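Enquirer: The file below is model_30.csv, CSV, C-alpha atoms:
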```csv
chain,number,residue,atom,x,y,z
A,25,MET,CA,-31.2,-30.7,203.8
A,26,SER,CA,-31.8,-34.5,203.5
A,27,ILE,CA,-35.2,-36.0,204.1
A,28,THR,CA,-33.9,-37.6,207.3
A,29,ASP,CA,-32.7,-34.3,208.7
A,30,ALA,CA,-36.0,-32.7,207.9
A,31,ALA,CA,-37.9,-35.6,209.5
A,32,LEU,CA,-35.8,-35.2,212.6
A,33,VAL,CA,-36.4,-31.4,212.8
A,34,LEU,CA,-40.2,-31.9,212.2
A,35,ALA,CA,-40.3,-34.6,214.9
A,36,TRP,CA,-38.7,-32.3,217.4
A,37,LEU,CA,-41.0,-29.5,216.5
A,38,CYS,CA,-44.0,-31.8,217.1
A,39,LEU,CA,-42.5,-33.0,220.4
A,40,ILE,CA,-42.0,-29.4,221.6
A,41,LEU,CA,-45.6,-28.4,220.7
A,42,LEU,CA,-46.9,-31.6,222.4
A,43,ALA,CA,-44.9,-30.9,225.5
A,44,PHE,CA,-46.3,-27.3,225.7
A,45,ALA,CA,-49.8,-28.7,225.2
A,46,LEU,CA,-49.3,-31.4,227.9
A,47,SER,CA,-47.9,-28.9,230.4
A,48,GLY,CA,-50.8,-26.6,229.8
A,49,VAL,CA,-53.3,-29.4,230.3
A,50,LEU,CA,-51.6,-30.7,233.4
A,51,ARG,CA,-51.6,-27.1,234.9
A,52,GLN,CA,-55.4,-26.9,234.2
A,53,VAL,CA,-56.0,-30.3,235.7
A,54,ARG,CA,-54.1,-29.3,238.9
A,55,GLY,CA,-56.2,-26.1,239.0
A,56,ILE,CA,-59.5,-28.1,238.7
A,57,GLN,CA,-58.3,-30.6,241.3
A,58,ALA,CA,-57.6,-27.7,243.7
A,59,GLU,CA,-61.0,-26.2,243.1
A,60,LEU,CA,-62.7,-29.6,243.6
A,61,ALA,CA,-60.8,-30.0,246.8
A,62,LEU,CA,-62.2,-26.7,248.0
A,63,LEU,CA,-65.7,-27.6,247.0
A,64,GLY,CA,-65.5,-31.0,248.8
A,65,ALA,CA,-64.1,-29.6,252.0
A,66,PRO,CA,-66.5,-29.2,254.9
A,67,GLY,CA,-65.6,-25.6,255.3
A,68,ARG,CA,-63.1,-23.1,254.0
A,69,GLY,CA,-62.2,-21.6,257.4
A,70,VAL,CA,-62.5,-22.6,261.0
A,71,LEU,CA,-65.8,-21.4,262.3
A,72,VAL,CA,-65.8,-22.6,265.9
A,73,GLY,CA,-63.6,-20.3,268.0
A,74,ARG,CA,-63.8,-17.4,265.6
A,75,THR,CA,-64.8,-14.1,267.2
A,76,VAL,CA,-67.2,-12.1,265.0
A,77,PRO,CA,-67.9,-8.8,266.7
A,78,ALA,CA,-70.9,-8.2,264.4
A,79,LEU,CA,-72.6,-11.2,266.0
A,80,SER,CA,-72.1,-10.0,269.6
A,81,THR,CA,-75.4,-9.4,271.4
A,82,GLY,CA,-74.2,-9.4,275.0
A,83,THR,CA,-75.9,-12.7,275.6
A,84,VAL,CA,-75.7,-16.2,274.2
A,85,SER,CA,-77.5,-16.3,270.9
A,86,ALA,CA,-78.5,-18.7,268.2
A,87,VAL,CA,-78.1,-17.6,264.6
A,88,LEU,CA,-79.8,-19.6,261.9
A,89,VAL,CA,-77.9,-19.1,258.6
A,90,ILE,CA,-80.1,-19.5,255.6
A,91,ASP,CA,-79.9,-19.2,251.9
A,92,PRO,CA,-82.7,-18.1,249.5
A,93,GLY,CA,-81.8,-20.9,247.1
A,94,CYS,CA,-82.2,-23.7,249.7
A,95,SER,CA,-85.5,-25.6,249.8
A,96,ARG,CA,-85.1,-26.8,253.5
A,97,CYS,CA,-84.4,-23.3,254.8
A,98,GLY,CA,-88.1,-22.1,254.7
A,99,PRO,CA,-89.5,-24.9,256.9
A,100,ILE,CA,-86.6,-24.8,259.2
A,101,PHE,CA,-86.9,-21.0,259.5
A,102,GLU,CA,-90.6,-21.4,260.3
A,103,GLU,CA,-89.8,-24.0,263.0
A,104,PHE,CA,-87.0,-21.8,264.4
A,105,GLY,CA,-89.6,-19.0,264.8
A,106,SER,CA,-92.0,-21.3,266.8
A,107,VAL,CA,-89.2,-22.7,268.9
A,108,ALA,CA,-87.7,-19.3,269.6
A,109,ALA,CA,-91.2,-18.0,270.7
A,110,THR,CA,-91.4,-20.6,273.4
A,111,ARG,CA,-87.8,-20.1,274.8
A,112,GLY,CA,-86.8,-16.9,276.4
A,113,SER,CA,-83.3,-17.8,277.5
A,114,LEU,CA,-81.8,-17.7,274.0
A,115,HIS,CA,-81.6,-14.7,271.7
A,116,CYS,CA,-82.4,-15.9,268.2
A,117,CYS,CA,-82.0,-14.4,264.8
A,118,ALA,CA,-81.6,-15.6,261.2
A,119,LEU,CA,-78.9,-14.4,258.9
A,120,SER,CA,-79.0,-14.4,255.1
A,121,PHE,CA,-77.6,-12.5,252.2
A,122,ARG,CA,-81.0,-12.0,250.6
A,123,ARG,CA,-84.6,-12.3,251.6
A,124,ALA,CA,-86.7,-15.1,249.9
A,125,GLU,CA,-90.3,-14.5,249.2
A,126,HIS,CA,-91.5,-17.8,250.7
A,127,TRP,CA,-89.8,-17.2,254.1
A,128,PRO,CA,-92.3,-16.6,256.9
A,129,GLY,CA,-92.0,-13.5,259.0
A,130,SER,CA,-91.4,-14.0,262.7
A,131,ASP,CA,-91.4,-11.6,265.6
A,132,ALA,CA,-89.3,-14.0,267.7
A,133,VAL,CA,-86.6,-14.4,265.0
A,134,PRO,CA,-85.7,-11.2,263.2
A,135,LEU,CA,-84.2,-11.8,259.8
A,136,TRP,CA,-80.9,-10.1,259.4
A,137,ILE,CA,-79.8,-9.4,255.8
A,138,ASP,CA,-76.1,-8.8,255.5
A,139,GLY,CA,-74.3,-10.1,252.4
A,140,GLU,CA,-70.9,-9.0,253.7
A,141,LEU,CA,-71.2,-10.8,257.0
A,142,TYR,CA,-72.7,-13.9,255.3
A,143,ALA,CA,-69.7,-14.0,252.9
A,144,ASP,CA,-67.2,-13.3,255.7
A,145,LEU,CA,-68.6,-16.2,257.8
A,146,ASP,CA,-68.4,-18.5,254.8
A,147,VAL,CA,-70.6,-21.2,256.6
A,148,PRO,CA,-70.2,-24.4,254.5
A,149,TRP,CA,-73.8,-25.6,255.1
A,150,SER,CA,-77.2,-24.1,254.5
A,151,PRO,CA,-79.2,-24.1,256.7
A,152,ALA,CA,-76.8,-24.0,259.7
A,153,LEU,CA,-77.2,-23.2,263.3
A,154,LEU,CA,-74.5,-21.1,265.1
A,155,VAL,CA,-74.3,-20.6,268.8
A,156,ILE,CA,-72.7,-17.3,269.6
A,157,ALA,CA,-71.1,-16.3,273.0
A,158,PRO,CA,-71.9,-12.9,274.4
A,159,ASP,CA,-68.7,-11.5,273.0
A,160,GLY,CA,-69.4,-12.7,269.5
A,161,THR,CA,-67.3,-15.9,269.6
A,162,ILE,CA,-68.8,-18.8,267.7
A,163,LEU,CA,-69.2,-21.7,270.2
A,164,ARG,CA,-70.9,-24.1,268.0
A,165,ALA,CA,-71.6,-24.6,264.3
A,166,ALA,CA,-73.6,-27.4,262.8
A,167,PRO,CA,-75.7,-28.1,259.7
A,168,LEU,CA,-79.5,-28.6,260.0
A,169,ARG,CA,-81.1,-31.5,258.2
A,170,SER,CA,-84.7,-31.0,259.2
A,171,PRO,CA,-87.0,-29.1,261.6
A,172,GLU,CA,-86.7,-32.0,264.0
A,173,ASP,CA,-83.0,-31.7,263.9
A,174,LEU,CA,-83.3,-28.1,264.8
A,175,ARG,CA,-85.5,-28.9,267.8
A,176,VAL,CA,-82.9,-31.5,269.0
A,177,GLN,CA,-80.1,-29.1,268.6
A,178,ILE,CA,-82.0,-26.3,270.4
A,179,GLN,CA,-82.7,-28.7,273.3
A,180,GLN,CA,-79.0,-29.6,273.5
A,181,ILE,CA,-78.1,-25.9,273.6
A,182,ASP,CA,-80.7,-25.2,276.3
A,183,ALA,CA,-79.3,-28.2,278.3
A,184,GLY,CA,-75.9,-26.8,278.0
A,185,LEU,CA,-77.0,-23.3,279.1
A,186,THR,CA,-78.9,-24.8,282.0
A,187,GLY,CA,-75.9,-26.9,283.0
A,188,ARG,CA,-73.6,-24.0,282.9
A,189,SER,CA,-75.9,-21.8,284.9
A,190,THR,CA,-76.3,-24.4,287.6
A,191,GLY,CA,-72.6,-25.1,287.8
A,192,ARG,CA,-72.7,-28.7,286.3
A,193,SER,CA,-69.7,-29.6,284.2
A,194,THR,CA,-71.6,-30.5,281.1
A,195,GLY,CA,-69.3,-28.5,279.0
A,196,GLY,CA,-72.1,-26.2,278.0
A,197,PRO,CA,-72.6,-25.0,274.5
A,198,ALA,CA,-68.8,-24.7,274.2
A,199,SER,CA,-68.3,-28.4,273.8
A,200,PRO,CA,-71.3,-29.8,271.9
A,201,PRO,CA,-71.1,-32.9,269.7
A,202,HIS,CA,-70.7,-30.8,266.6
A,203,ALA,CA,-68.2,-28.4,268.0
A,204,THR,CA,-65.5,-29.2,265.6
A,205,ALA,CA,-67.7,-29.4,262.5
A,206,GLY,CA,-66.7,-26.0,261.3
A,207,SER,CA,-63.0,-26.7,260.9
B,2,MET,CA,-38.1,-26.4,202.1
B,3,ILE,CA,-39.6,-29.6,203.5
B,4,ILE,CA,-40.0,-28.1,206.9
B,5,LEU,CA,-41.5,-24.9,205.5
B,6,SER,CA,-43.9,-27.0,203.4
B,7,ALA,CA,-45.0,-28.9,206.4
B,8,LEU,CA,-45.5,-25.7,208.5
B,9,ALA,CA,-47.4,-23.9,205.8
B,10,LEU,CA,-49.6,-26.9,205.1
B,11,ALA,CA,-50.4,-27.2,208.8
B,12,ALA,CA,-51.4,-23.5,208.8
B,13,ALA,CA,-53.6,-24.1,205.8
B,14,LEU,CA,-55.2,-27.2,207.3
B,15,LEU,CA,-55.9,-25.3,210.5
B,16,LEU,CA,-57.6,-22.6,208.5
B,17,VAL,CA,-59.8,-25.1,206.7
B,18,TRP,CA,-60.8,-26.9,209.9
B,19,THR,CA,-61.6,-23.8,211.9
B,20,GLY,CA,-63.4,-22.2,209.0
B,21,ILE,CA,-65.7,-25.3,208.7
B,22,GLU,CA,-66.3,-25.1,212.5
B,23,HIS,CA,-67.4,-21.5,212.2
B,24,LEU,CA,-69.7,-22.4,209.4
B,25,ARG,CA,-71.2,-25.4,211.3
B,26,ALA,CA,-71.6,-23.6,214.6
B,27,PRO,CA,-75.3,-23.5,215.4
B,28,ALA,CA,-75.6,-19.9,216.8
B,29,THR,CA,-73.2,-17.9,214.8
B,30,SER,CA,-73.6,-14.4,213.5
B,31,ALA,CA,-73.5,-13.4,209.8
B,32,ALA,CA,-70.0,-12.0,210.4
B,33,SER,CA,-68.8,-15.2,211.9
B,34,ARG,CA,-70.2,-17.2,209.0
B,35,ALA,CA,-68.6,-14.9,206.5
B,36,SER,CA,-65.3,-15.2,208.3
B,37,GLY,CA,-65.7,-19.0,208.4
B,38,LEU,CA,-66.4,-19.0,204.7
B,39,LEU,CA,-63.4,-16.9,203.9
B,40,GLN,CA,-61.2,-19.0,206.1
B,41,SER,CA,-62.2,-22.3,204.7
B,42,LEU,CA,-62.0,-21.1,201.1
B,43,LEU,CA,-58.6,-19.6,201.5
B,44,GLY,CA,-57.4,-22.7,203.4
B,45,VAL,CA,-58.6,-25.0,200.7
B,46,LEU,CA,-57.0,-22.8,198.0
B,47,ALA,CA,-53.7,-22.8,200.1
B,48,VAL,CA,-53.8,-26.6,200.3
B,49,VAL,CA,-54.4,-26.9,196.6
B,50,VAL,CA,-51.5,-24.5,195.7
B,51,MET,CA,-49.3,-26.4,198.1
B,52,VAL,CA,-50.1,-29.7,196.4
B,53,HIS,CA,-50.2,-28.5,192.8
B,54,ARG,CA,-48.0,-25.7,191.4
B,55,ALA,CA,-50.1,-22.8,190.4
B,56,GLY,CA,-49.4,-19.3,189.2
B,57,THR,CA,-51.4,-17.7,191.9
B,58,GLY,CA,-49.7,-19.7,194.7
B,59,PRO,CA,-47.8,-16.8,196.2
B,60,GLU,CA,-50.9,-14.6,196.3
B,61,VAL,CA,-53.0,-17.3,198.0
B,62,LEU,CA,-50.3,-17.9,200.6
B,63,LEU,CA,-49.9,-14.2,201.1
B,64,GLY,CA,-53.7,-14.0,201.6
B,65,GLN,CA,-53.4,-16.8,204.2
B,66,ALA,CA,-50.6,-14.8,205.9
B,67,ALA,CA,-52.7,-11.7,205.9
B,68,LEU,CA,-55.7,-13.5,207.4
B,69,TYR,CA,-53.6,-14.9,210.2
B,70,ALA,CA,-52.0,-11.5,210.8
B,71,SER,CA,-55.5,-10.0,211.1
B,72,PHE,CA,-56.4,-12.7,213.6
B,73,ALA,CA,-53.3,-11.9,215.6
B,74,GLY,CA,-54.1,-8.2,215.5
B,75,VAL,CA,-57.7,-8.7,216.7
B,76,LEU,CA,-56.5,-11.0,219.5
B,77,ALA,CA,-53.8,-8.6,220.6
B,78,PHE,CA,-56.3,-5.8,220.6
B,79,ARG,CA,-58.7,-7.8,222.8
B,80,LEU,CA,-55.9,-8.9,225.1
B,81,ALA,CA,-54.8,-5.2,225.5
B,82,ARG,CA,-58.3,-4.3,226.5
B,83,ALA,CA,-58.2,-7.0,229.2
B,84,ASP,CA,-60.8,-9.1,227.4
B,85,ARG,CA,-60.6,-12.5,229.0
B,86,GLY,CA,-63.6,-14.0,227.2
B,87,ASP,CA,-63.7,-16.8,224.6
B,88,CYS,CA,-61.3,-16.0,221.7
B,89,ARG,CA,-63.7,-17.9,219.4
B,90,CYS,CA,-60.7,-19.3,217.5
B,91,THR,CA,-61.9,-22.9,217.5
B,92,ARG,CA,-64.8,-24.9,218.8
B,93,ILE,CA,-62.8,-25.6,221.9
B,94,THR,CA,-63.4,-22.5,224.0
B,95,ALA,CA,-60.2,-20.8,225.0
B,96,ARG,CA,-59.4,-17.5,226.7
B,97,VAL,CA,-57.9,-14.7,224.7
B,98,GLY,CA,-54.3,-15.1,225.6
B,99,PRO,CA,-50.7,-15.0,224.4
B,100,THR,CA,-50.8,-18.5,222.9
B,101,GLY,CA,-53.5,-17.7,220.5
B,102,ILE,CA,-51.6,-14.6,219.4
B,103,VAL,CA,-48.3,-16.5,219.0
B,104,ARG,CA,-50.0,-19.2,217.0
B,105,ALA,CA,-51.5,-16.7,214.6
B,106,VAL,CA,-48.2,-14.8,214.3
B,107,ALA,CA,-46.3,-18.0,213.6
B,108,ALA,CA,-48.9,-19.1,211.1
B,109,ALA,CA,-48.7,-15.7,209.4
B,110,LEU,CA,-44.9,-15.9,209.3
B,111,VAL,CA,-44.7,-19.4,207.8
B,112,SER,CA,-47.3,-18.6,205.3
B,113,ALA,CA,-45.4,-15.5,204.2
B,114,ALA,CA,-42.2,-17.4,204.0
B,115,ALA,CA,-43.9,-20.1,202.0
B,116,ALA,CA,-45.2,-17.4,199.6
B,117,ALA,CA,-41.6,-16.1,199.3
B,118,GLY,CA,-40.2,-19.5,198.7
B,119,TYR,CA,-42.9,-20.5,196.2
B,120,PRO,CA,-42.9,-22.8,194.2
B,121,GLY,CA,-40.1,-24.5,196.1
B,122,VAL,CA,-42.6,-25.4,198.9
B,123,VAL,CA,-44.9,-27.3,196.5
B,124,LEU,CA,-45.2,-31.0,197.2
B,125,PRO,CA,-44.0,-33.3,194.4
B,126,GLY,CA,-47.5,-34.7,193.9
B,127,VAL,CA,-49.9,-36.5,196.2
B,128,ASP,CA,-48.3,-39.9,196.2
B,129,VAL,CA,-48.2,-40.7,199.9
B,130,THR,CA,-45.8,-43.6,199.2
B,131,ASP,CA,-43.2,-40.9,198.4
B,132,PRO,CA,-41.3,-40.4,201.7
B,133,ARG,CA,-41.1,-36.7,201.2
B,134,VAL,CA,-44.9,-36.3,200.7
B,135,ALA,CA,-45.7,-38.7,203.5
B,136,LEU,CA,-43.4,-36.8,205.9
B,137,VAL,CA,-44.9,-33.4,205.0
B,138,LEU,CA,-48.4,-34.7,205.3
B,139,ALA,CA,-47.9,-36.5,208.6
B,140,ALA,CA,-46.0,-33.5,210.1
B,141,ALA,CA,-48.6,-31.0,208.9
B,142,ILE,CA,-51.6,-33.0,210.3
B,143,THR,CA,-49.8,-33.6,213.6
B,144,MET,CA,-48.7,-30.0,214.0
B,145,GLY,CA,-52.1,-28.7,212.8
B,146,THR,CA,-53.9,-30.9,215.4
B,147,VAL,CA,-51.6,-29.8,218.2
B,148,ALA,CA,-51.8,-26.1,217.2
B,149,TYR,CA,-55.6,-26.4,217.1
B,150,ALA,CA,-55.7,-27.4,220.8
B,151,LEU,CA,-52.7,-25.3,222.0
B,152,PRO,CA,-54.5,-22.1,223.0
B,153,ALA,CA,-57.2,-24.0,225.0
B,154,ALA,CA,-54.4,-26.0,226.7
B,155,LEU,CA,-52.1,-23.1,227.6
B,156,ASP,CA,-54.4,-20.0,227.9
B,157,GLY,CA,-57.1,-21.9,229.7
B,158,ALA,CA,-60.8,-21.5,229.7
B,159,PRO,CA,-62.5,-18.1,229.3
B,160,VAL,CA,-63.3,-16.3,232.5
B,161,ALA,CA,-67.0,-16.6,232.0
B,162,LEU,CA,-66.8,-20.4,232.0
B,163,ARG,CA,-64.8,-20.6,235.2
B,164,GLY,CA,-66.4,-21.1,238.6
B,165,GLY,CA,-68.4,-18.0,239.6
B,166,GLY,CA,-67.4,-18.4,243.2
B,167,GLY,CA,-70.8,-19.6,244.4
B,168,ARG,CA,-71.3,-22.7,246.4
```
Would you mind writing the structure in this file as structure tokens?
Expert:
Amino acid sequence: MSITDAALVLAWLCLILLAFALSGVLRQVRGIQAELALLGAPGRGVLVGRTVPALSTGTVSAVLVIDPGCSRCGPIFEEFGSVAATRGSLHCCALSFRRAEHWPGSDAVPLWIDGELYADLDVPWSPALLVIAPDGTILRAAPLRSPEDLRVQIQQIDAGLTGRSTGRSTGGPASPPHATAGS
Amino acid sequence: MIILSALALAAALLLVWTGIEHLRAPATSAASRASGLLQSLLGVLAVVVMVHRAGTGPEVLLGQAALYASFAGVLAFRLARADRGDCRCTRITARVGPTGIVRAVAAALVSAAAAAGYPGVVLPGVDVTDPRVALVLAAAITMGTVAYALPAALDGAPVALRGGGGR
């Protein structure tokens, strides 16, 4: 074999190896891009409109979804307790997958620990407030930025409930400003 | 023989490089250090016998083949046990997978073939202006570099390094 033939064969070998390496790298880049797209999406599944029988209480309820690793969840949970104690029209509870030591106890807002339900809901924000219809359908899902934000949202929900009970066409809690946020 | 020389030299350079990496790794075990020392010594000896004709050339190249064969065996055993962790082949973490095994088997085969063809695979000196020497060196360095990164590129990251599914 002449040196030119050998060079040609070696060059092809190098090219084939490089092509394999490049295809592998591109496949990994595509995988990372897909994972990043999932991380950046507002939610992995549509929340509003989903019926979750486990959340059904027979009345309209507000569920605060909290996470032990989130720093805002404690103060918002505390605020939710005080807000819920003054409002009798709404059934309130908090949902998490694990209890955190710094969370306050509240008689008005029972803390519901259910890792399976938490994972199944896959709420993209923490903390988040869900409004649940009597049959367990999620009417509203929105992130909570602060205790004040929670108060504003509870007022909106109350206004919706009042509007619905008096026959006004406000749309009620079924069509709040954040109604599409979970999609 | 030029092609076999380039492939065997690439395997030897890969052995030297990965051996040095094992030695330089900050948190390695004594076994890993011993393996790194053996790899780098055997790799250096293989490079030397590829450049200068020596009576022990076939034995050194057979030793290189045996070392690569043992790597392939260990990786195949780990893959059969569904171990998807880091293969610890190079500093670039790569999952235990078929590419690492194929690379080790291919390196073992070319090393064994070079041992069988010795001293025909020995380079005619180290004069890089000689086209034959330049070709073998360039091809060995290129293929060694690509072979170094190939398992990480094709087999992917070890399972422990991938996203744990948390937000």
Enquirer: Quick one, how far is atom CA of His53 of chain B from atom CA of Val123 of chain B?
Expert: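 Computing it gives 6.6 Å between the two atoms.
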Enquirer: Would you list which chain B residues are within 8 Å of chain A using only C-alpha atoms, as a VMD selection string?
Expert: chain B and resid 3 to 4 132 to 133 136 140 143 to 144 147 to 148 150 to 151 154 to 157 168
Enquirer: Need to verify the contact set: His126 of chain A, 10 Å, all atoms listed in the file, exclusion of same-chain residues closer than 6 positions in sequence. Can you return it as a VMD selection string?
Expert: chain A and resid 92 95 97 to 99
Enquirer: Near segment 78-82 of chain A, within 8 Å and counting all atoms listed in the file, which residues show up once chain neighbours fewer than 2 positions away are dropped, as number ranges by chain?
Expert: A: 76, 84-85, 141, 156-161
Enquirer: Please determine, counting all atoms listed in the file, which residue among A:Leu168, A:Asp182, A:Asp138, A:Leu153 has the shortest atom-to-atom distance to Val72 of chain A.
Expert: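 The shortest atom-to-atom distance to Val72 of chain A comes from A:Leu153.
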Enquirer: Which residue gives the smallest distance to Gly58 of chain B among B:Val122, B:Ile21, B:Val127, B:Ala141, with all atoms listed in the file counted?
Expert: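 Checking each of B:Val122, B:Ile21, B:Val127, B:Ala141 against Gly58 of chain B, counting all atoms listed in the file, the winner is B:Val122.
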Enquirer: Expressed in Å to a single decimal, how great is the separation between atom CA of Trp36 of chain A and atom CA of Ala11 of chain B?
Expert: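 These two atoms are separated by 15.4 Å.
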Enquirer: Give the answer as one residue: which of A:Val53, A:Leu32, A:Leu174, A:Val155 has the shortest atom-to-atom distance to Val107 of chain A, using all atoms listed in the file?
Expert: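 That would be A:Leu174, the residue with the smallest distance to Val107 of chain A.
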Enquirer: Could you name the residues that touch Leu119 of chain A at 7 Å or less, counting only C-alpha atoms, but leaving out those on the same chain fewer than 2 positions away, as a ChimeraX atom specification?
Expert: /A:87-90,117,135-137
